[in-house]
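Q: Below is work.txt; it holds compact mmCIF, C-alpha atoms (C1' of nucleotides).
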```txt
# COMPACT_ATOMS: atom_id res chain seq x y z
CA MET C 1 94.83 76.80 3.12
CA ASP C 2 95.00 74.25 5.89
CA SER C 3 98.20 72.68 7.07
CA LYS C 4 97.48 69.38 5.37
CA HIS C 5 97.21 70.96 1.94
CA ARG C 6 100.26 73.02 2.64
CA GLN C 7 102.20 69.92 3.59
CA GLU C 8 101.07 68.21 0.39
CA LEU C 9 102.19 71.14 -1.70
CA ALA C 10 105.52 71.22 0.11
CA ASP C 11 105.97 67.52 -0.58
CA LEU C 12 105.19 68.00 -4.25
CA LEU C 13 107.63 70.88 -4.57
CA LYS C 14 110.28 68.93 -2.71
CA ALA C 15 109.81 65.98 -5.03
CA LEU C 16 110.34 68.26 -8.01
CA GLY C 17 113.16 70.17 -6.33
CA GLU C 18 115.92 67.65 -6.83
CA TYR C 19 118.10 67.84 -9.88
CA ASN C 20 117.94 64.27 -11.08
CA ARG C 21 114.23 63.97 -10.39
CA LEU C 22 113.58 67.21 -12.25
CA SER C 23 115.67 65.85 -15.12
CA LEU C 24 113.47 62.77 -15.22
CA VAL C 25 110.42 65.00 -15.38
CA TYR C 26 111.87 66.98 -18.27
CA GLN C 27 112.86 63.80 -20.02
CA LEU C 28 109.32 62.50 -19.77
CA CYS C 29 108.10 65.91 -20.79
CA GLN C 30 109.94 65.76 -24.09
CA CYS C 31 108.73 62.27 -24.93
CA GLU C 32 105.61 61.87 -26.96
CA ARG C 33 105.10 58.38 -25.62
CA PRO C 34 105.49 56.95 -22.14
CA GLN C 35 108.91 55.58 -21.40
CA ASN C 36 110.29 52.70 -19.39
CA ALA C 37 112.67 53.22 -16.57
CA MET C 38 115.76 52.00 -18.43
CA CYS C 39 115.19 54.54 -21.15
CA LEU C 40 114.78 57.28 -18.59
CA CYS C 41 117.93 56.07 -16.94
CA GLU C 42 120.00 57.47 -19.81
CA CYS C 43 119.11 61.11 -19.18
CA CYS C 44 120.81 61.25 -15.81
CA SER C 45 124.05 59.44 -15.22
CA VAL C 46 123.12 57.49 -12.15
CA ASP C 47 122.52 53.90 -11.25
CA ALA C 48 119.28 52.21 -12.32
CA SER C 49 118.34 51.71 -8.69
CA VAL C 50 118.56 55.44 -8.12
CA VAL C 51 116.25 56.10 -11.04
CA SER C 52 113.86 53.51 -9.70
CA ARG C 53 113.73 55.24 -6.34
CA HIS C 54 113.33 58.69 -7.84
CA LEU C 55 110.48 57.49 -10.00
CA LYS C 56 108.87 56.00 -6.93
CA VAL C 57 108.97 59.36 -5.20
CA LEU C 58 107.54 61.10 -8.26
CA ALA C 59 104.78 58.51 -8.47
CA GLN C 60 103.93 58.92 -4.78
CA GLU C 61 103.50 62.65 -5.30
CA GLY C 62 101.37 62.09 -8.38
CA VAL C 63 103.88 63.60 -10.76
CA VAL C 64 104.12 60.48 -12.88
CA GLN C 65 101.95 57.49 -13.54
CA MET C 66 103.13 53.92 -13.90
CA LYS C 67 101.81 51.04 -15.92
CA LYS C 68 103.19 47.53 -15.89
CA LYS C 69 103.93 46.04 -19.27
CA GLY C 70 105.67 42.72 -19.11
CA ARG C 71 108.87 43.15 -17.20
CA GLU C 72 108.95 46.83 -17.95
CA ARG C 73 107.37 49.73 -16.14
CA ILE C 74 106.07 52.39 -18.44
CA TYR C 75 106.03 55.89 -16.98
CA SER C 76 104.10 58.90 -18.14
CA LEU C 77 103.85 62.44 -16.89
CA ASN C 78 100.64 63.69 -15.27
CA ARG C 79 100.93 66.87 -17.27
CA ALA C 80 97.59 68.53 -16.64
CA GLU C 81 97.43 67.74 -12.94
CA ILE C 82 100.90 69.01 -12.09
CA ALA C 83 100.58 72.06 -14.31
CA HIS C 84 97.29 72.89 -12.61
CA LYS C 85 98.77 72.64 -9.13
CA LEU C 86 101.68 74.84 -10.10
CA ARG C 87 99.39 77.47 -11.60
CA GLU C 88 97.15 77.35 -8.56
CA PHE C 89 100.15 78.04 -6.39
CA ALA C 90 101.28 80.83 -8.71
CA ASP C 91 97.82 82.40 -8.47
CA GLU C 92 97.92 82.29 -4.70
CA ILE C 93 101.32 83.92 -4.63
CA GLU C 94 100.45 86.61 -7.10
CA GLY C 95 96.88 87.19 -6.07
CA GLY C 96 97.56 87.38 -2.40
CA LEU C 97 94.67 88.82 -0.43
CA GLU C 98 92.36 89.68 -3.29
CA ALA C 99 92.40 86.17 -4.70
CA LYS C 100 89.16 85.07 -3.12
CA SER C 101 87.20 88.29 -3.26
CA ALA C 102 87.80 88.82 -6.97
CA MET E 1 116.75 73.93 -21.10
CA ASP E 2 120.38 73.73 -20.11
CA SER E 3 121.58 72.10 -16.94
CA LYS E 4 122.29 75.42 -15.26
CA HIS E 5 118.70 76.62 -15.61
CA ARG E 6 117.46 73.24 -14.54
CA GLN E 7 119.60 73.40 -11.44
CA GLU E 8 118.30 76.87 -10.67
CA LEU E 9 114.72 75.71 -11.01
CA ALA E 10 115.43 72.71 -8.81
CA ASP E 11 116.94 75.00 -6.19
CA LEU E 12 113.91 77.26 -6.28
CA LEU E 13 111.50 74.36 -5.93
CA LYS E 14 113.58 72.91 -3.12
CA ALA E 15 113.52 76.24 -1.31
CA LEU E 16 109.73 76.30 -1.55
CA GLY E 17 109.41 72.60 -0.79
CA GLU E 18 109.89 72.73 2.95
CA TYR E 19 106.91 73.11 5.24
CA ASN E 20 108.09 75.97 7.42
CA ARG E 21 109.56 77.88 4.50
CA LEU E 22 106.35 77.45 2.55
CA SER E 23 104.46 78.67 5.60
CA LEU E 24 106.59 81.80 5.65
CA VAL E 25 105.79 82.37 1.99
CA TYR E 26 102.07 82.02 2.64
CA GLN E 27 102.34 84.29 5.64
CA LEU E 28 104.00 86.96 3.52
CA CYS E 29 101.46 86.28 0.83
CA GLN E 30 98.57 87.19 3.09
CA CYS E 31 100.17 90.39 4.32
CA GLU E 32 99.42 93.60 2.53
CA ARG E 33 102.60 95.15 3.84
CA PRO E 34 106.10 93.76 4.20
CA GLN E 35 106.80 92.13 7.52
CA ASN E 36 109.76 91.88 9.82
CA ALA E 37 111.26 88.56 10.79
CA MET E 38 109.87 88.56 14.34
CA CYS E 39 106.35 88.95 13.02
CA LEU E 40 106.86 86.13 10.57
CA CYS E 41 108.26 84.08 13.39
CA GLU E 42 104.77 83.71 14.85
CA CYS E 43 103.32 81.78 11.94
CA CYS E 44 105.57 78.78 12.44
CA SER E 45 106.44 77.60 15.90
CA VAL E 46 110.17 77.52 15.59
CA ASP E 47 113.10 79.41 16.98
CA ALA E 48 113.90 82.88 15.66
CA SER E 49 117.24 81.65 14.37
CA VAL E 50 115.44 79.04 12.30
CA VAL E 51 113.22 81.67 10.74
CA SER E 52 116.27 83.77 10.02
CA ARG E 53 117.92 80.90 8.18
CA HIS E 54 114.79 80.01 6.23
CA LEU E 55 114.37 83.62 5.15
CA LYS E 56 117.99 83.63 4.06
CA VAL E 57 117.37 80.63 1.83
CA LEU E 58 114.24 82.22 0.38
CA ALA E 59 116.14 85.44 -0.27
CA GLN E 60 118.98 83.59 -1.98
CA GLU E 61 116.50 81.97 -4.33
CA GLY E 62 114.83 85.28 -5.03
CA VAL E 63 111.57 84.34 -3.38
CA VAL E 64 111.65 87.21 -0.93
CA GLN E 65 113.28 90.58 -0.78
CA MET E 66 114.83 92.17 2.28
CA LYS E 67 115.18 95.76 3.34
CA LYS E 68 116.95 96.99 6.43
CA LYS E 69 115.00 99.34 8.62
CA GLY E 70 116.70 100.18 11.84
CA ARG E 71 117.35 96.98 13.68
CA GLU E 72 114.60 95.23 11.81
CA ARG E 73 114.67 93.42 8.50
CA ILE E 74 111.56 93.94 6.46
CA TYR E 75 110.70 91.12 4.10
CA SER E 76 108.42 91.15 1.11
CA LEU E 77 107.41 88.51 -1.39
CA ASN E 78 108.60 88.73 -5.00
CA ARG E 79 105.13 87.84 -6.16
CA ALA E 80 105.34 88.46 -9.89
CA GLU E 81 108.74 86.90 -10.36
CA ILE E 82 107.98 83.66 -8.55
CA ALA E 83 104.53 83.34 -10.06
CA HIS E 84 106.06 83.78 -13.50
CA LYS E 85 108.65 81.08 -12.94
CA LEU E 86 106.02 78.67 -11.68
CA ARG E 87 103.79 79.32 -14.68
CA GLU E 88 106.71 78.95 -17.05
CA PHE E 89 107.41 75.57 -15.53
CA ALA E 90 103.75 74.63 -15.73
CA ASP E 91 103.72 75.57 -19.41
CA GLU E 92 106.76 73.41 -20.09
CA ILE E 93 105.18 70.46 -18.36
CA GLU E 94 101.85 70.83 -20.04
CA GLY E 95 103.04 71.99 -23.41
CA GLY E 96 105.70 69.38 -23.79
CA LEU E 97 106.97 69.03 -27.34
CA GLU E 98 104.70 71.52 -29.06
CA ALA E 99 105.63 74.36 -26.73
CA LYS E 100 108.23 75.88 -29.06
CA SER E 101 106.56 75.29 -32.40
CA ALA E 102 103.25 76.81 -31.34
C1' DG H 1 127.97 104.11 28.35
C1' DA H 2 124.29 100.69 29.83
C1' DC H 3 120.53 98.20 28.48
C1' DA H 4 116.84 96.33 25.46
C1' DT H 5 115.37 94.55 21.07
C1' DA H 6 116.07 92.35 16.42
C1' DT H 7 118.69 89.37 13.86
C1' DT H 8 122.57 86.44 12.54
C1' DT H 9 126.10 83.11 13.37
C1' DT H 10 128.32 79.17 15.53
C1' DC H 11 127.99 74.74 17.38
C1' DA H 12 126.18 70.22 18.05
C1' DC H 13 123.13 66.73 16.63
C1' DA H 14 119.66 63.80 14.84
C1' DA H 15 116.97 62.80 10.87
C1' DA H 16 116.49 62.74 6.04
C1' DC H 17 118.43 62.06 1.66
C1' DA H 18 121.01 60.68 -2.61
C1' DT H 19 123.91 57.25 -4.08
C1' DG H 20 126.26 52.74 -5.67
C1' DC H 21 126.54 48.01 -5.30
C1' DA H 22 124.94 43.56 -4.67
C1' DA H 23 121.16 40.54 -3.96
C1' DA H 24 116.38 39.61 -4.77
C1' DT H 25 112.24 39.54 -7.62
C1' DA H 26 109.64 39.43 -11.86
C1' DT H 27 108.95 38.35 -16.46
C1' DC H 28 110.19 37.05 -21.00
C1' DA H 29 112.69 33.85 -24.59
C1' DG H 30 114.66 29.58 -25.62
C1' DC M 1 114.16 24.64 -16.47
C1' DT M 2 117.95 28.00 -17.91
C1' DG M 3 119.43 32.23 -19.00
C1' DA M 4 118.66 37.12 -20.09
C1' DT M 5 116.55 41.56 -19.19
C1' DA M 6 114.00 44.98 -16.25
C1' DT M 7 113.20 46.64 -11.90
C1' DT M 8 113.14 46.82 -6.86
C1' DT M 9 115.06 46.27 -2.29
C1' DG M 10 118.55 45.98 1.41
C1' DC M 11 122.71 47.65 3.01
C1' DA M 12 126.38 50.86 3.82
C1' DT M 13 128.05 55.43 3.37
C1' DG M 14 128.83 60.25 2.88
C1' DT M 15 126.26 64.57 2.60
C1' DT M 16 122.79 67.69 3.34
C1' DT M 17 119.38 69.67 6.11
C1' DG M 18 116.28 71.36 9.86
C1' DT M 19 116.63 72.46 14.49
C1' DG M 20 117.49 74.70 19.26
C1' DA M 21 120.50 76.93 22.37
C1' DA M 22 123.86 80.12 23.21
C1' DA M 23 126.98 83.58 21.74
C1' DA M 24 127.77 87.39 18.71
C1' DT M 25 126.41 91.46 16.06
C1' DA M 26 123.68 95.50 15.04
C1' DT M 27 120.91 99.15 16.16
C1' DG M 28 117.72 101.70 18.89
C1' DT M 29 116.60 104.08 23.63
C1' DC M 30 117.73 105.99 27.90
```
In structure tokens, how does this file's structure come out?
A:
Amino acid sequence: MDSKHRQELADLLKALGEYNRLSLVYQLCQCERPQNAMCLCECCSVDASVVSRHLKVLAQEGVVQMKKKGRERIYSLNRAEIAHKLREFADEIEGGLEAKSA
Amino acid sequence: MDSKHRQELADLLKALGEYNRLSLVYQLCQCERPQNAMCLCECCSVDASVVSRHLKVLAQEGVVQMKKKGRERIYSLNRAEIAHKLREFADEIEGGLEAKSA
DNA sequence: GACATATTTTCACAAACATGCAAATATCAG
DNA sequence: CTGATATTTGCATGTTTGTGAAAATATGTC
């Protein structure tokens, strides 16, 4: 794994590794439908501007996806993509040396 | 998931979400045998004290395990445990609502 | 004991970060 | 156009964090 990929993975993990951001992810996780930012705001007791910034970070790392709808922004979780990256990382950790030869 | 578990997961992801710490994890990952801190020091170009602190963080989060051996500290990766936690998280993200009923 | 090696701790510091508030922007309803 | 709602941005602030250098600690060798 080259340093660029490693940096990307580190950035992803860092984005997920903050309590309020992780709470937003779980909130989106439990919602059947995409949610707007104000709705997401209720799960963590912080200012709307804070939620906005956290969602921006999550979007930059590809954790969530955003769609404009009128004056609202509708967010949804990139479930498959994130789950895949996490499992890939788990495989690397567990597999270790034999990962590629197997 | 209660807030305590969520905080623990956030702490784990944060520990992994720093470039040099992640590099240490990958370094340990590629080693068949446990390594001492000085050896690990070579993979990232930082001071030995920095490596020591990073390893401390990783140990606190249960990512690595430490064993004293003379004046050396031998570190090894908790492969199964970390991989399991990552997969659990991946399942939660991907499974979403249906995770418990399935 | 004296010295070398491995590691941790303390200190200082700059950069990054999370946060709240207020102002700005965007869009809808009337 | 006016006002309301949703969201972002700028600013200020306190906190955390990653870092290197030097001192301290621990343990091995002679």
Q: Fewer than 2 positions away in the same chain doesn't count, so skip those; otherwise give me all residues within 10 Å of DT7 of chain H, counting all atoms listed in the file, as a list of chain:residue names.
A: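 Contacts, with the query itself left out: E:Ala37, E:Met38, E:Ala48, E:Ser49, E:Val51, E:Ser52, E:Arg71, E:Glu72, E:Arg73, H:DT5, H:DT9, M:DT25, M:DA26.
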Q: Using all atoms listed in the file, determine which residues of chain M fall within 10 Å of chain C; present them as a VMD selection string.
A: chain M and resid 5 to 9
Q: Which chain E residues are at most 8 Å from chain C (counting all atoms listed in the file), as a ChimeraX atom specification?
A: /E:6-7,9-19,22-23,26,29-32,79-80,82-84,86-87,89-94,96-97
Q: Skipping near chain neighbours, those fewer than 6 positions away, what residues fall within 10 Å of DT10 of chain H using only C-alpha atoms (C1' of nucleotides), listed as number ranges by chain?
A: M: 22-24
Q: Using all atoms listed in the file, list the residues that have an atom at most 8 Å from (123.0, 61.9, -6.2), coordinates as in the file, as a PDB file with C-alpha atoms (C1' of nucleotides), in the coordinates of the input.
A:
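Once everything was written out, this is part-v8.pdb:
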```
ATOM      1  CA  ASN C  20     117.940  64.270 -11.080  1.00  0.00           C
ATOM      2  CA  VAL C  46     123.120  57.490 -12.150  1.00  0.00           C
TER       3      VAL C  46
ATOM      4  C1'  DA H  18     121.010  60.680  -2.610  1.00  0.00           C
ATOM      5  C1'  DT H  19     123.910  57.250  -4.080  1.00  0.00           C
TER       6       DT H  19
END
```
Q: Give the answer as one residue: which of E:Val50, E:Cys39, E:Leu55, E:Ile74 has the shortest atom-to-atom distance to DG18 of chain M, using all atoms listed in the file?
A: E:Val50
Q: Kindly give the distance, in Å, that separates atom CA of Cys43 of chain E and atom C1' of DT8 of chain H, rounded to a single decimal.
A: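 Taking atom CA of Cys43 of chain E as the start and atom C1' of DT8 of chain H as the end point, the length is 19.8 Å.
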Q: Skipping near chain neighbours, those fewer than 3 positions away, what residues fall within 10 Å of DC21 of chain H using only C-alpha atoms (C1' of nucleotides), listed as a list in words?
A: Asp47 and Ser49 of chain C; DC11 and DA12 of chain M
Q: Record the distance separating atom CA of Asp2 of chain E and atom CA of Gln60 of chain C, expressed in Å with one decimal.
A: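 Rounded to one decimal, the two atoms are 26.9 Å apart.
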Q: How many Å separate atom C1' of DT27 of chain M from atom C1' of DC3 of chain H?
A: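 So the two atoms, atom C1' of DT27 of chain M and atom C1' of DC3 of chain H, lie 12.4 Å apart.
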Q: Find the residues of chain H in contact range of chain C, meaning any atom within 12 Å when counting all atoms listed in the file, and list them as number ranges by chain.
A: H: 17-22, 25-28
Q: Would you kindly return, as a compact mmCIF listing (two decimals) with C-alpha atoms, in the frame of the given file, each protein, DNA or RNA residue with an atom no farther than 10 Å from any atom of Lys56 of chain E, considering all atoms listed in the file and excluding same-chain residues fewer than 6 positions away?
A:
```txt
# COMPACT_ATOMS: atom_id res chain seq x y z
CA VAL E 50 115.44 79.04 12.30
CA GLY E 62 114.83 85.28 -5.03
CA VAL E 63 111.57 84.34 -3.38
CA VAL E 64 111.65 87.21 -0.93
CA GLN E 65 113.28 90.58 -0.78
CA MET E 66 114.83 92.17 2.28
```
Q: Quick one: of E:Cys41, E:Ser76, E:Leu24, E:Leu58, who's nearest to DA6 of chain H, counting only C-alpha atoms (C1' of nucleotides)?
A: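 Between E:Cys41, E:Ser76, E:Leu24, E:Leu58, the residue approaching DA6 of chain H most closely is E:Cys41.
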Q: If I only have part of segment 80-96 of chain E, can you fill in N, CA and C atoms and write it as a compact mmCIF listing (two decimals), in the coordinates of the input?
A:
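The result, stored in part.txt:
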```txt
# COMPACT_ATOMS: atom_id res chain seq x y z
N ALA E 80 105.39 88.61 -8.42
CA ALA E 80 105.34 88.46 -9.89
C ALA E 80 106.42 87.52 -10.40
N GLU E 81 107.61 87.69 -9.87
CA GLU E 81 108.74 86.90 -10.36
C GLU E 81 108.54 85.41 -10.11
N ILE E 82 108.15 85.07 -8.89
CA ILE E 82 107.98 83.66 -8.55
C ILE E 82 106.79 83.06 -9.29
N ALA E 83 105.70 83.82 -9.34
CA ALA E 83 104.53 83.34 -10.06
C ALA E 83 104.87 83.07 -11.52
N HIS E 84 105.67 83.96 -12.09
CA HIS E 84 106.06 83.78 -13.50
C HIS E 84 106.88 82.51 -13.71
N LYS E 85 107.81 82.28 -12.81
CA LYS E 85 108.65 81.08 -12.94
C LYS E 85 107.83 79.81 -12.80
N LEU E 86 106.87 79.85 -11.88
CA LEU E 86 106.02 78.67 -11.68
C LEU E 86 105.16 78.42 -12.91
N ARG E 87 104.64 79.49 -13.49
CA ARG E 87 103.79 79.32 -14.68
C ARG E 87 104.61 78.86 -15.88
N GLU E 88 105.81 79.37 -15.97
CA GLU E 88 106.71 78.95 -17.05
C GLU E 88 106.95 77.44 -16.97
N PHE E 89 107.19 77.00 -15.76
CA PHE E 89 107.41 75.57 -15.53
C PHE E 89 106.16 74.78 -15.88
N ALA E 90 105.02 75.29 -15.43
CA ALA E 90 103.75 74.63 -15.73
C ALA E 90 103.53 74.53 -17.24
N ASP E 91 103.88 75.59 -17.95
CA ASP E 91 103.72 75.57 -19.41
C ASP E 91 104.62 74.51 -20.04
N GLU E 92 105.84 74.42 -19.55
CA GLU E 92 106.76 73.41 -20.09
C GLU E 92 106.22 72.01 -19.87
N ILE E 93 105.70 71.79 -18.68
CA ILE E 93 105.18 70.46 -18.36
C ILE E 93 103.97 70.14 -19.21
N GLU E 94 103.07 71.10 -19.31
CA GLU E 94 101.85 70.83 -20.04
C GLU E 94 102.05 70.85 -21.55
N GLY E 95 102.82 71.85 -21.99
CA GLY E 95 103.04 71.99 -23.41
C GLY E 95 103.83 70.86 -24.01
N GLY E 96 104.87 70.46 -23.30
CA GLY E 96 105.70 69.38 -23.79
C GLY E 96 106.39 69.74 -25.09
```
